[in-house]
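work17.cif, holding mmCIF, C-alpha atoms and all ligand atoms; chains and numbers go by the auth columns:
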data_final
loop_
_atom_site.group_PDB
_atom_site.id
_atom_site.type_symbol
_atom_site.label_atom_id
_atom_site.label_comp_id
_atom_site.label_asym_id
_atom_site.label_seq_id
_atom_site.Cartn_x
_atom_site.Cartn_y
_atom_site.Cartn_z
_atom_site.B_iso_or_equiv
_atom_site.auth_seq_id
_atom_site.auth_asym_id
ATOM 1 C CA MET A 1 77.909 216.758 82.244 0.00 1124 A
ATOM 2 C CA TRP A 2 79.292 213.191 82.280 0.00 1125 A
ATOM 3 C CA ARG A 3 80.779 213.898 85.655 0.00 1126 A
ATOM 4 C CA ASN A 4 77.358 214.907 86.992 0.00 1127 A
ATOM 5 C CA ILE A 5 75.763 211.791 85.566 0.00 1128 A
ATOM 6 C CA ARG A 6 78.436 209.626 87.183 0.00 1129 A
ATOM 7 C CA ILE A 7 77.885 211.332 90.526 0.00 1130 A
ATOM 8 C CA ALA A 8 74.124 210.942 90.178 0.00 1131 A
ATOM 9 C CA ILE A 9 74.468 207.215 89.464 0.00 1132 A
ATOM 10 C CA LEU A 10 76.796 206.751 92.438 0.00 1133 A
ATOM 11 C CA LEU A 11 74.392 208.620 94.717 0.00 1134 A
ATOM 12 C CA LEU A 12 71.528 206.481 93.446 0.00 1135 A
ATOM 13 C CA ILE A 13 73.443 203.263 94.204 0.00 1136 A
ATOM 14 C CA LEU A 14 74.259 204.520 97.711 0.00 1137 A
ATOM 15 C CA ALA A 15 70.630 205.511 98.271 0.00 1138 A
ATOM 16 C CA VAL A 16 69.383 202.074 97.177 0.00 1139 A
ATOM 17 C CA ALA A 17 71.942 200.357 99.453 0.00 1140 A
ATOM 18 C CA ALA A 18 70.948 202.545 102.407 0.00 1141 A
ATOM 19 C CA TRP A 19 67.266 201.985 101.740 0.00 1142 A
ATOM 20 C CA SER A 20 67.626 198.194 101.459 0.00 1143 A
ATOM 21 C CA HIS A 21 69.669 198.061 104.688 0.00 1144 A
ATOM 22 C CA TRP A 22 67.057 200.163 106.491 0.00 1145 A
ATOM 23 C CA TYR A 23 64.245 198.033 105.051 0.00 1146 A
ATOM 24 C CA ASP A 24 65.978 194.744 106.089 0.00 1147 A
ATOM 25 C CA LYS A 25 66.628 196.081 109.561 0.00 1148 A
ATOM 26 C CA LEU A 26 63.058 197.177 110.082 0.00 1149 A
ATOM 27 C CA SER A 27 61.379 194.168 108.509 0.00 1150 A
ATOM 28 C CA THR A 28 63.433 191.672 110.563 0.00 1151 A
ATOM 29 C CA THR A 29 63.017 193.429 113.896 0.00 1152 A
ATOM 30 C CA ASP A 30 59.392 194.562 113.912 0.00 1153 A
ATOM 31 C CA TRP A 31 58.327 191.255 115.561 0.00 1154 A
ATOM 32 C CA ASP A 32 54.764 191.378 114.302 0.00 1155 A
ATOM 33 C CA GLU A 33 55.118 188.242 112.199 0.00 1156 A
ATOM 34 C CA THR A 34 57.318 185.128 112.143 0.00 1157 A
ATOM 35 C CA LEU A 35 60.936 185.675 111.125 0.00 1158 A
ATOM 36 C CA TYR A 36 62.256 182.843 108.935 0.00 1159 A
ATOM 37 C CA VAL A 37 65.798 181.591 109.458 0.00 1160 A
ATOM 38 C CA GLY A 38 67.299 178.950 107.148 0.00 1161 A
ATOM 39 C CA ILE A 39 70.234 176.684 108.064 0.00 1162 A
ATOM 40 C CA PHE A 40 72.372 175.560 105.096 0.00 1163 A
ATOM 41 C CA PRO A 41 74.886 172.822 106.014 0.00 1164 A
ATOM 42 C CA ILE A 42 78.249 172.641 104.215 0.00 1165 A
ATOM 43 C CA ASP A 43 80.842 169.898 104.470 0.00 1166 A
ATOM 44 C CA GLU A 44 84.219 171.505 105.146 0.00 1167 A
ATOM 45 C CA ALA A 45 86.709 169.245 103.424 0.00 1168 A
ATOM 46 C CA GLU A 46 84.635 166.698 101.561 0.00 1169 A
ATOM 47 C CA ASN A 47 85.469 164.351 104.356 0.00 1170 A
ATOM 48 C CA THR A 48 83.349 161.338 105.287 0.00 1171 A
ATOM 49 C CA VAL A 49 82.789 162.269 108.957 0.00 1172 A
ATOM 50 C CA ALA A 50 81.342 165.672 108.065 0.00 1173 A
ATOM 51 C CA ARG A 51 79.437 164.225 105.116 0.00 1174 A
ATOM 52 C CA ASP A 52 77.834 161.481 107.226 0.00 1175 A
ATOM 53 C CA TYR A 53 76.997 163.948 109.972 0.00 1176 A
ATOM 54 C CA ILE A 54 75.273 166.243 107.451 0.00 1177 A
ATOM 55 C CA ALA A 55 73.413 163.321 105.843 0.00 1178 A
ATOM 56 C CA ASP A 56 72.056 162.455 109.310 0.00 1179 A
ATOM 57 C CA LEU A 57 70.927 165.992 110.126 0.00 1180 A
ATOM 58 C CA SER A 58 67.244 166.577 110.673 0.00 1181 A
ATOM 59 C CA ALA A 59 65.298 169.671 111.653 0.00 1182 A
ATOM 60 C CA ASN A 60 65.047 168.555 115.293 0.00 1183 A
ATOM 61 C CA ARG A 61 68.841 168.965 115.658 0.00 1184 A
ATOM 62 C CA PHE A 62 68.195 172.712 115.517 0.00 1185 A
ATOM 63 C CA ALA A 63 64.919 172.741 117.460 0.00 1186 A
ATOM 64 C CA ASP A 64 66.480 174.167 120.617 0.00 1187 A
ATOM 65 C CA ILE A 65 67.558 177.327 118.720 0.00 1188 A
ATOM 66 C CA GLU A 66 63.975 178.151 117.763 0.00 1189 A
ATOM 67 C CA GLU A 67 62.747 177.187 121.239 0.00 1190 A
ATOM 68 C CA PHE A 68 65.381 179.366 122.928 0.00 1191 A
ATOM 69 C CA LEU A 69 64.711 182.446 120.762 0.00 1192 A
ATOM 70 C CA ASN A 70 60.939 182.130 121.081 0.00 1193 A
ATOM 71 C CA GLU A 71 60.954 181.650 124.853 0.00 1194 A
ATOM 72 C CA GLU A 72 63.287 184.589 125.349 0.00 1195 A
ATOM 73 C CA ALA A 73 61.230 186.763 122.946 0.00 1196 A
ATOM 74 C CA GLN A 74 58.051 185.955 124.821 0.00 1197 A
ATOM 75 C CA GLY A 75 59.822 186.710 128.096 0.00 1198 A
ATOM 76 C CA TYR A 76 60.385 190.226 126.746 0.00 1199 A
ATOM 77 C CA GLY A 77 56.702 190.559 125.861 0.00 1200 A
ATOM 78 C CA ILE A 78 56.715 189.666 122.146 0.00 1201 A
ATOM 79 C CA GLY A 79 53.103 188.620 121.720 0.00 1202 A
ATOM 80 C CA ILE A 80 53.022 186.451 118.577 0.00 1203 A
ATOM 81 C CA ALA A 81 52.935 182.642 118.863 0.00 1204 A
ATOM 82 C CA ARG A 82 56.104 181.942 116.866 0.00 1205 A
ATOM 83 C CA PRO A 83 58.444 184.935 116.642 0.00 1206 A
ATOM 84 C CA VAL A 84 61.219 182.895 114.963 0.00 1207 A
ATOM 85 C CA SER A 85 61.143 179.805 112.753 0.00 1208 A
ATOM 86 C CA VAL A 86 64.390 177.904 112.197 0.00 1209 A
ATOM 87 C CA GLU A 87 64.356 175.539 109.237 0.00 1210 A
ATOM 88 C CA LEU A 88 66.889 173.121 107.835 0.00 1211 A
ATOM 89 C CA TYR A 89 67.662 173.527 104.123 0.00 1212 A
ATOM 90 C CA PRO A 90 69.420 171.050 101.810 0.00 1213 A
ATOM 91 C CA PRO A 91 73.243 170.985 101.962 0.00 1214 A
ATOM 92 C CA VAL A 92 75.192 173.421 99.804 0.00 1215 A
ATOM 93 C CA THR A 93 78.386 172.365 97.985 0.00 1216 A
ATOM 94 C CA GLU A 94 79.884 175.771 97.178 0.00 1217 A
ATOM 95 C CA ARG A 95 81.755 177.328 100.120 0.00 1218 A
ATOM 96 C CA PRO A 96 81.331 180.959 101.141 0.00 1219 A
ATOM 97 C CA PRO A 97 84.140 183.424 100.271 0.00 1220 A
ATOM 98 C CA GLU A 98 86.887 183.300 102.869 0.00 1221 A
ATOM 99 C CA HIS A 99 87.596 186.183 105.179 0.00 1222 A
ATOM 100 C CA ALA A 100 90.884 187.298 106.735 0.00 1223 A
ATOM 101 C CA ALA A 101 91.144 189.183 110.023 0.00 1224 A
ATOM 102 C CA ASN A 102 93.618 191.710 108.550 0.00 1225 A
ATOM 103 C CA TYR A 103 91.326 192.943 105.765 0.00 1226 A
ATOM 104 C CA ASN A 104 91.134 196.717 105.352 0.00 1227 A
ATOM 105 C CA VAL A 105 87.857 198.637 104.941 0.00 1228 A
ATOM 106 C CA PHE A 106 87.715 198.110 101.159 0.00 1229 A
ATOM 107 C CA GLN A 107 88.634 194.428 101.300 0.00 1230 A
ATOM 108 C CA ASN A 108 85.904 193.993 103.933 0.00 1231 A
ATOM 109 C CA MET A 109 83.342 195.761 101.756 0.00 1232 A
ATOM 110 C CA TRP A 110 84.285 193.623 98.762 0.00 1233 A
ATOM 111 C CA TRP A 111 84.144 190.442 100.849 0.00 1234 A
ATOM 112 C CA SER A 112 80.734 191.322 102.317 0.00 1235 A
ATOM 113 C CA LEU A 113 79.382 192.035 98.827 0.00 1236 A
ATOM 114 C CA ARG A 114 80.680 188.667 97.574 0.00 1237 A
ATOM 115 C CA LEU A 115 79.192 186.944 100.636 0.00 1238 A
ATOM 116 C CA ARG A 116 75.788 188.449 99.882 0.00 1239 A
ATOM 117 C CA MET A 117 75.939 187.356 96.253 0.00 1240 A
ATOM 118 C CA TYR A 118 77.077 183.904 97.380 0.00 1241 A
ATOM 119 C CA ALA A 119 74.167 183.658 99.869 0.00 1242 A
ATOM 120 C CA ARG A 120 71.648 184.480 97.194 0.00 1243 A
ATOM 121 C CA ARG A 121 73.174 182.040 94.690 0.00 1244 A
ATOM 122 C CA ALA A 122 73.673 179.172 97.157 0.00 1245 A
ATOM 123 C CA SER A 123 70.103 179.262 98.472 0.00 1246 A
ATOM 124 C CA ARG A 124 68.449 179.576 95.053 0.00 1247 A
ATOM 125 C CA ASP A 125 68.156 175.871 94.195 0.00 1248 A
ATOM 126 C CA SER A 126 66.894 174.640 97.562 0.00 1249 A
ATOM 127 C CA GLY A 127 63.390 173.967 96.213 0.00 1250 A
ATOM 128 C CA LYS A 128 61.893 175.934 99.098 0.00 1251 A
ATOM 129 C CA PRO A 129 61.050 179.614 99.432 0.00 1252 A
ATOM 130 C CA PRO A 130 64.188 181.474 100.549 0.00 1253 A
ATOM 131 C CA PRO A 131 64.353 182.378 104.257 0.00 1254 A
ATOM 132 C CA GLN A 132 64.821 185.982 105.401 0.00 1255 A
ATOM 133 C CA ILE A 133 68.044 185.094 107.228 0.00 1256 A
ATOM 134 C CA ARG A 134 70.531 182.623 105.767 0.00 1257 A
ATOM 135 C CA ILE A 135 72.983 180.840 108.059 0.00 1258 A
ATOM 136 C CA PHE A 136 75.640 178.701 106.360 0.00 1259 A
ATOM 137 C CA VAL A 137 77.050 176.125 108.770 0.00 1260 A
ATOM 138 C CA ILE A 138 80.405 174.658 107.760 0.00 1261 A
ATOM 139 C CA TYR A 139 80.994 171.334 109.521 0.00 1262 A
ATOM 140 C CA HIS A 140 84.554 170.350 110.413 0.00 1263 A
ATOM 141 C CA ASP A 141 85.743 166.876 111.327 0.00 1264 A
ATOM 142 C CA PRO A 142 86.813 167.175 115.002 0.00 1265 A
ATOM 143 C CA THR A 143 89.636 164.634 114.568 0.00 1266 A
ATOM 144 C CA PHE A 144 91.420 166.985 112.147 0.00 1267 A
ATOM 145 C CA THR A 145 90.289 170.356 113.490 0.00 1268 A
ATOM 146 C CA GLN A 146 90.890 171.308 117.120 0.00 1269 A
ATOM 147 C CA ALA A 147 89.824 174.943 116.791 0.00 1270 A
ATOM 148 C CA VAL A 148 87.507 176.231 114.071 0.00 1271 A
ATOM 149 C CA PRO A 149 87.783 179.671 112.414 0.00 1272 A
ATOM 150 C CA HIS A 150 85.711 182.592 113.683 0.00 1273 A
ATOM 151 C CA SER A 151 82.000 182.532 112.871 0.00 1274 A
ATOM 152 C CA VAL A 152 80.345 185.706 111.573 0.00 1275 A
ATOM 153 C CA GLY A 153 76.862 187.162 111.350 0.00 1276 A
ATOM 154 C CA LEU A 154 76.166 190.270 109.258 0.00 1277 A
ATOM 155 C CA GLN A 155 73.158 192.510 109.566 0.00 1278 A
ATOM 156 C CA LYS A 156 73.905 193.920 106.114 0.00 1279 A
ATOM 157 C CA GLY A 157 72.690 191.131 103.870 0.00 1280 A
ATOM 158 C CA LEU A 158 71.147 189.097 106.731 0.00 1281 A
ATOM 159 C CA VAL A 159 73.686 186.305 106.396 0.00 1282 A
ATOM 160 C CA GLY A 160 75.850 184.310 108.775 0.00 1283 A
ATOM 161 C CA VAL A 161 78.696 181.823 108.370 0.00 1284 A
ATOM 162 C CA VAL A 162 79.154 179.444 111.313 0.00 1285 A
ATOM 163 C CA HIS A 163 82.061 177.043 111.757 0.00 1286 A
ATOM 164 C CA ALA A 164 80.853 173.974 113.652 0.00 1287 A
ATOM 165 C CA PHE A 165 81.997 170.498 114.632 0.00 1288 A
ATOM 166 C CA ALA A 166 80.557 167.408 112.920 0.00 1289 A
ATOM 167 C CA SER A 167 80.062 165.535 116.163 0.00 1290 A
ATOM 168 C CA ASP A 168 76.969 164.504 118.111 0.00 1291 A
ATOM 169 C CA GLY A 169 78.588 165.653 121.344 0.00 1292 A
ATOM 170 C CA LYS A 170 79.051 169.154 119.912 0.00 1293 A
ATOM 171 C CA THR A 171 75.512 169.694 118.594 0.00 1294 A
ATOM 172 C CA SER A 172 74.401 171.728 121.640 0.00 1295 A
ATOM 173 C CA THR A 173 77.430 174.035 121.622 0.00 1296 A
ATOM 174 C CA ASN A 174 77.184 174.430 117.814 0.00 1297 A
ATOM 175 C CA ASN A 175 73.626 175.633 118.398 0.00 1298 A
ATOM 176 C CA VAL A 176 74.795 178.248 120.927 0.00 1299 A
ATOM 177 C CA VAL A 177 77.100 179.667 118.207 0.00 1300 A
ATOM 178 C CA ILE A 178 74.322 179.569 115.587 0.00 1301 A
ATOM 179 C CA ALA A 179 71.936 181.463 117.912 0.00 1302 A
ATOM 180 C CA HIS A 180 74.698 184.053 118.586 0.00 1303 A
ATOM 181 C CA GLU A 181 75.253 184.656 114.859 0.00 1304 A
ATOM 182 C CA ILE A 182 71.495 184.854 114.148 0.00 1305 A
ATOM 183 C CA LEU A 183 71.277 187.641 116.730 0.00 1306 A
ATOM 184 C CA HIS A 184 74.206 189.461 115.038 0.00 1307 A
ATOM 185 C CA THR A 185 72.177 189.507 111.806 0.00 1308 A
ATOM 186 C CA LEU A 186 69.405 191.229 113.778 0.00 1309 A
ATOM 187 C CA GLY A 187 71.766 193.940 115.009 0.00 1310 A
ATOM 188 C CA ALA A 188 73.024 192.554 118.340 0.00 1311 A
ATOM 189 C CA SER A 189 76.643 193.398 119.224 0.00 1312 A
ATOM 190 C CA ASP A 190 79.264 191.275 120.970 0.00 1313 A
ATOM 191 C CA LYS A 191 79.399 191.673 124.749 0.00 1314 A
ATOM 192 C CA TYR A 192 82.815 190.279 125.591 0.00 1315 A
ATOM 193 C CA ASP A 193 86.345 191.627 125.701 0.00 1316 A
ATOM 194 C CA PRO A 194 88.061 190.347 122.522 0.00 1317 A
ATOM 195 C CA GLU A 195 91.454 190.214 124.304 0.00 1318 A
ATOM 196 C CA THR A 196 90.511 188.257 127.426 0.00 1319 A
ATOM 197 C CA LEU A 197 87.117 186.825 126.284 0.00 1320 A
ATOM 198 C CA ALA A 198 85.693 188.088 129.602 0.00 1321 A
ATOM 199 C CA PRO A 199 81.980 188.966 129.507 0.00 1322 A
ATOM 200 C CA LEU A 200 81.530 192.755 129.679 0.00 1323 A
ATOM 201 C CA TYR A 201 79.847 194.016 132.813 0.00 1324 A
ATOM 202 C CA PRO A 202 76.893 194.622 133.024 0.00 1325 A
ATOM 203 C CA ALA A 203 75.685 194.008 129.424 0.00 1326 A
ATOM 204 C CA GLY A 204 77.386 190.593 129.054 0.00 1327 A
ATOM 205 C CA TYR A 205 76.044 189.203 132.314 0.00 1328 A
ATOM 206 C CA ALA A 206 72.880 187.112 132.468 0.00 1329 A
ATOM 207 C CA GLU A 207 72.219 188.348 136.020 0.00 1330 A
ATOM 208 C CA PRO A 208 74.164 191.587 136.510 0.00 1331 A
ATOM 209 C CA ASP A 209 72.447 192.300 139.853 0.00 1332 A
ATOM 210 C CA ARG A 210 73.218 188.912 141.355 0.00 1333 A
ATOM 211 C CA SER A 211 74.924 188.950 144.755 0.00 1334 A
ATOM 212 C CA PRO A 212 77.584 187.728 145.039 0.00 1335 A
ATOM 213 C CA ARG A 213 78.125 188.591 141.379 0.00 1336 A
ATOM 214 C CA MET A 214 80.103 185.417 140.578 0.00 1337 A
ATOM 215 C CA PRO A 215 79.767 182.606 139.727 0.00 1338 A
ATOM 216 C CA GLN A 216 77.053 183.442 137.194 0.00 1339 A
ATOM 217 C CA PRO A 217 74.864 180.369 136.587 0.00 1340 A
ATOM 218 C CA PHE A 218 73.876 181.461 133.056 0.00 1341 A
ATOM 219 C CA ALA A 219 75.655 183.058 130.093 0.00 1342 A
ATOM 220 C CA GLU A 220 74.413 186.042 128.079 0.00 1343 A
ATOM 221 C CA ILE A 221 74.130 184.954 124.428 0.00 1344 A
ATOM 222 C CA MET A 222 76.238 187.797 122.964 0.00 1345 A
ATOM 223 C CA ALA A 223 78.905 187.428 125.673 0.00 1346 A
ATOM 224 C CA GLY A 224 79.198 183.728 124.833 0.00 1347 A
ATOM 225 C CA ARG A 225 80.630 182.825 128.248 0.00 1348 A
ATOM 226 C CA ARG A 226 79.578 183.021 131.884 0.00 1349 A
ATOM 227 C CA ALA A 227 81.919 184.405 134.521 0.00 1350 A
ATOM 228 C CA ILE A 228 82.890 181.852 137.165 0.00 1351 A
ATOM 229 C CA ASP A 229 85.344 184.246 138.835 0.00 1352 A
ATOM 230 C CA ASP A 230 87.499 187.212 137.732 0.00 1353 A
ATOM 231 C CA HIS A 231 89.686 185.018 135.519 0.00 1354 A
ATOM 232 C CA THR A 232 87.533 182.037 134.563 0.00 1355 A
ATOM 233 C CA PHE A 233 84.904 182.273 131.826 0.00 1356 A
ATOM 234 C CA GLN A 234 83.038 179.211 130.714 0.00 1357 A
ATOM 235 C CA ILE A 235 81.303 178.390 127.415 0.00 1358 A
ATOM 236 C CA PRO A 236 77.755 177.157 128.160 0.00 1359 A
ATOM 237 C CA GLU A 237 77.145 173.502 127.325 0.00 1360 A
ATOM 238 C CA SER A 238 73.756 174.230 125.749 0.00 1361 A
ATOM 239 C CA LEU A 239 71.138 176.939 125.155 0.00 1362 A
ATOM 240 C CA ASP A 240 69.453 175.813 128.409 0.00 1363 A
ATOM 241 C CA ARG A 241 72.233 177.722 130.154 0.00 1364 A
ATOM 242 C CA VAL A 242 71.910 180.916 128.107 0.00 1365 A
ATOM 243 C CA VAL A 243 69.725 184.024 128.242 0.00 1366 A
ATOM 244 C CA VAL A 244 69.215 187.124 126.099 0.00 1367 A
ATOM 245 C CA GLY A 245 70.231 190.071 128.273 0.00 1368 A
ATOM 246 C CA GLU A 246 68.503 193.446 128.391 0.00 1369 A
ATOM 247 C CA ALA A 247 71.097 195.247 126.234 0.00 1370 A
ATOM 248 C CA THR A 248 70.773 192.626 123.477 0.00 1371 A
ATOM 249 C CA ALA A 249 66.961 192.701 123.706 0.00 1372 A
ATOM 250 C CA LEU A 250 67.070 196.466 123.144 0.00 1373 A
ATOM 251 C CA GLU A 251 69.406 196.142 120.124 0.00 1374 A
ATOM 252 C CA ILE A 252 67.144 193.623 118.377 0.00 1375 A
ATOM 253 C CA ARG A 253 64.069 195.690 119.306 0.00 1376 A
ATOM 254 C CA TRP A 254 62.390 193.194 121.609 0.00 1377 A
ATOM 255 C CA THR A 255 62.215 196.194 123.926 0.00 1378 A
ATOM 256 C CA ARG A 256 62.139 199.910 123.129 0.00 1379 A
ATOM 257 C CA GLU A 257 63.783 202.751 125.013 0.00 1380 A
HETATM 258 ZN ZN ZN B . 79.871 187.648 117.880 0.00 1401 A
#

Could the structure of this file be written out as structure tokens, please?
Ligand SMILES: [Zn+2]
Amino acid sequence: MWRNIRIAILLLILAVAAWSHWYDKLSTTDWDETLYVGIFPIDEAENTVARDYIADLSANRFADIEEFLNEEAQGYGIGIARPVSVELYPPVTERPPEHAANYNVFQNMWWSLRLRMYARRASRDSGKPPPQIRIFVIYHDPTFTQAVPHSVGLQKGLVGVVHAFASDGKTSTNNVVIAHEILHTLGASDKYDPETLAPLYPAGYAEPDRSPRMPQPFAEIMAGRRAIDDHTFQIPESLDRVVVGEATALEIRWTRE
């Protein structure tokens, strides 16, 4: 009998997890009311450059993310006035749990569970209603960090962790990464080759039907780069040079099959 009870409890937990994932997925991609995204800045190494940069942050630093997502949404026929709202939240001192690329399935599950608990805890004392999607942006001092760790966005738990540079000159490219991770939380997949970083054809091309095909003037947001030629792929300097392609629009349910 105890065995049956244990199995029943396990099945119940799995059912609740499946239901909450399904509910999150549907409620964030039905596009009939504004989706709220919160940005939570974190200073990477308690260093003065990152701290000063964060102290100087204001909501308008992130305005182009909201503008980009809303213009693209409306381009795909989303009818509401403000499909996405991006708001700046107060800085968070606790850092998210670290992730390693060589984690196995169970380590990944454990990490994603801890990340979700972290996200809930870290956004609790902000003094504002919690957003639906939480993006933690860890700012690194560019004089000490040449390359930042990989950013992630998880649909399960609606949370993202972005590694960014604490530098005025990098604000626009930071925002391209933030927009990319927001779209991951909505179910969009990467559209580049992880080995070569080449945009995948056709889904990772802003204008797949363009002739000649290269150079592409714009990048697809989930490809992250535009193809200049067969071997050169360039990171866009700002969201002005980025579009949401048709495959991504379908994944986040801006369009339906
Ligand atoms: Zn990605």

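Minimum distance to His1222 in chain A across A:Tyr1159, A:Trp1377, A:Trp1234, A:Tyr1328 (counting all atoms listed in the file) occurs at A:Trp1234.
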
Find the spatial neighbours of range 1262-1269 of chain A, counting all atoms listed in the file, within a cut-off of 7 Å - ignore same-chain residues fewer than 2 positions away - and output them as a list in words.
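Returned residues: Ile1165, Asp1166, Glu1167, Val1172, Ala1173, Val1260, Val1271, His1286, Ala1287, Phe1288 and Ala1289 of chain A.
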
Explicit residue set for the PyMOL selection byres (((not hetatm)) within 12 of (chain A and resi 1401)), as an NGL selection string
:A and (1273-1278 or 1283-1285 or 1299-1317 or 1320 or 1322 or 1327 or 1343-1348 or 1371)

Convert the current residue selection to file output with C-alpha atoms, as an mmCIF file, in the coordinates of the input.
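File written: result.cif
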data_model
loop_
_atom_site.group_PDB
_atom_site.id
_atom_site.type_symbol
_atom_site.label_atom_id
_atom_site.label_comp_id
_atom_site.auth_asym_id
_atom_site.auth_seq_id
_atom_site.Cartn_x
_atom_site.Cartn_y
_atom_site.Cartn_z
ATOM 1 C CA HIS A 1273 85.711 182.592 113.683
ATOM 2 C CA SER A 1274 82.000 182.532 112.871
ATOM 3 C CA VAL A 1275 80.345 185.706 111.573
ATOM 4 C CA GLY A 1276 76.862 187.162 111.350
ATOM 5 C CA LEU A 1277 76.166 190.270 109.258
ATOM 6 C CA GLN A 1278 73.158 192.510 109.566
ATOM 7 C CA GLY A 1283 75.850 184.310 108.775
ATOM 8 C CA VAL A 1284 78.696 181.823 108.370
ATOM 9 C CA VAL A 1285 79.154 179.444 111.313
ATOM 10 C CA VAL A 1299 74.795 178.248 120.927
ATOM 11 C CA VAL A 1300 77.100 179.667 118.207
ATOM 12 C CA ILE A 1301 74.322 179.569 115.587
ATOM 13 C CA ALA A 1302 71.936 181.463 117.912
ATOM 14 C CA HIS A 1303 74.698 184.053 118.586
ATOM 15 C CA GLU A 1304 75.253 184.656 114.859
ATOM 16 C CA ILE A 1305 71.495 184.854 114.148
ATOM 17 C CA LEU A 1306 71.277 187.641 116.730
ATOM 18 C CA HIS A 1307 74.206 189.461 115.038
ATOM 19 C CA THR A 1308 72.177 189.507 111.806
ATOM 20 C CA LEU A 1309 69.405 191.229 113.778
ATOM 21 C CA GLY A 1310 71.766 193.940 115.009
ATOM 22 C CA ALA A 1311 73.024 192.554 118.340
ATOM 23 C CA SER A 1312 76.643 193.398 119.224
ATOM 24 C CA ASP A 1313 79.264 191.275 120.970
ATOM 25 C CA LYS A 1314 79.399 191.673 124.749
ATOM 26 C CA TYR A 1315 82.815 190.279 125.591
ATOM 27 C CA ASP A 1316 86.345 191.627 125.701
ATOM 28 C CA PRO A 1317 88.061 190.347 122.522
ATOM 29 C CA LEU A 1320 87.117 186.825 126.284
ATOM 30 C CA PRO A 1322 81.980 188.966 129.507
ATOM 31 C CA GLY A 1327 77.386 190.593 129.054
ATOM 32 C CA GLU A 1343 74.413 186.042 128.079
ATOM 33 C CA ILE A 1344 74.130 184.954 124.428
ATOM 34 C CA MET A 1345 76.238 187.797 122.964
ATOM 35 C CA ALA A 1346 78.905 187.428 125.673
ATOM 36 C CA GLY A 1347 79.198 183.728 124.833
ATOM 37 C CA ARG A 1348 80.630 182.825 128.248
ATOM 38 C CA THR A 1371 70.773 192.626 123.477
#

10 Å contact set for range 1236-1245 of chain A, all atoms listed in the file, chain neighbours under 5 positions out, as a list in words
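Everything that qualifies: Phe1163, Pro1214, Val1215, Thr1216, Glu1217, Arg1218, Pro1219, Pro1220, Glu1221, His1222, Gln1230, Asn1231, Pro1253, Ile1256, Arg1257, Ile1258, Phe1259, Leu1277, Lys1279, Gly1280, Leu1281, Val1282, Gly1283 and Val1284 of chain A.
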
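Taking CA of Asp1248 in chain A and CA of Thr1157 in chain A as endpoints, the distance between them is 22.9 Å.
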
Once the PyMOL selection byres (((chain A and resi 1155) around 12) and not hetatm) is applied to the coordinates I shared, what remains selected? I want it as a ChimeraX atom specification.
/A:1149-1154,1156-1158,1196,1200-1207,1376-1377

Export of prior selection with C-alpha atoms as a tab-separated table (two decimals), keeping the file's coordinate frame:
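To be explicit, this is the file written out as out_39.tsv:
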chain	number	residue	atom	x	y	z
A	1149	LEU	CA	63.06	197.18	110.08
A	1150	SER	CA	61.38	194.17	108.51
A	1151	THR	CA	63.43	191.67	110.56
A	1152	THR	CA	63.02	193.43	113.90
A	1153	ASP	CA	59.39	194.56	113.91
A	1154	TRP	CA	58.33	191.26	115.56
A	1156	GLU	CA	55.12	188.24	112.20
A	1157	THR	CA	57.32	185.13	112.14
A	1158	LEU	CA	60.94	185.68	111.12
A	1196	ALA	CA	61.23	186.76	122.95
A	1200	GLY	CA	56.70	190.56	125.86
A	1201	ILE	CA	56.72	189.67	122.15
A	1202	GLY	CA	53.10	188.62	121.72
A	1203	ILE	CA	53.02	186.45	118.58
A	1204	ALA	CA	52.94	182.64	118.86
A	1205	ARG	CA	56.10	181.94	116.87
A	1206	PRO	CA	58.44	184.94	116.64
A	1207	VAL	CA	61.22	182.90	114.96
A	1376	ARG	CA	64.07	195.69	119.31
A	1377	TRP	CA	62.39	193.19	121.61

For the atom pair CA of Ile1130 in chain A and CA of Asp1147 in chain A, what is the interatomic distance in Å to one decimal place?
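Value for the CA of Ile1130 in chain A-CA of Asp1147 in chain A distance: 25.7 Å.
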
Interatomic distance (Å, one decimal) between CA of Asn1227 in chain A and CA of Leu1134 in chain A
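That distance, rounded to one decimal, is 23.1 Å.
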
Return as an NGL selection string the set of residues that the PyMOL selection byres (((chain A and resi 1179) around 12) and not hetatm) yields on the displayed structure.
:A and (1164 or 1172-1178 or 1180-1184 or 1211 or 1213-1214 or 1289-1291)

Produce a file of the selected residues containing C-alpha atoms, as a tab-separated table (two decimals), in the frame of the given file.
chain	number	residue	atom	x	y	z
A	1164	PRO	CA	74.89	172.82	106.01
A	1172	VAL	CA	82.79	162.27	108.96
A	1173	ALA	CA	81.34	165.67	108.06
A	1174	ARG	CA	79.44	164.22	105.12
A	1175	ASP	CA	77.83	161.48	107.23
A	1176	TYR	CA	77.00	163.95	109.97
A	1177	ILE	CA	75.27	166.24	107.45
A	1178	ALA	CA	73.41	163.32	105.84
A	1180	LEU	CA	70.93	165.99	110.13
A	1181	SER	CA	67.24	166.58	110.67
A	1182	ALA	CA	65.30	169.67	111.65
A	1183	ASN	CA	65.05	168.56	115.29
A	1184	ARG	CA	68.84	168.96	115.66
A	1211	LEU	CA	66.89	173.12	107.84
A	1213	PRO	CA	69.42	171.05	101.81
A	1214	PRO	CA	73.24	170.98	101.96
A	1289	ALA	CA	80.56	167.41	112.92
A	1290	SER	CA	80.06	165.54	116.16
A	1291	ASP	CA	76.97	164.50	118.11

Kindly compute an axis-aligned box around the listed atoms of range 1133-1149 of chain A, allowing 5 Å on each side, and express its centre and edge lengths in Å to one decimal as JSON.
{"center_x": 69.9, "center_y": 201.7, "center_z": 101.3, "size_x": 23.7, "size_y": 23.9, "size_z": 27.6}

Go through A:Phe1341, A:Ala1223, A:Ile1261, A:Arg1349 and flag the residue nearest Glu1169 in chain A, using only C-alpha atoms for the distances.
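Nearest candidate to Glu1169 in chain A out of A:Phe1341, A:Ala1223, A:Ile1261, A:Arg1349: A:Ile1261.
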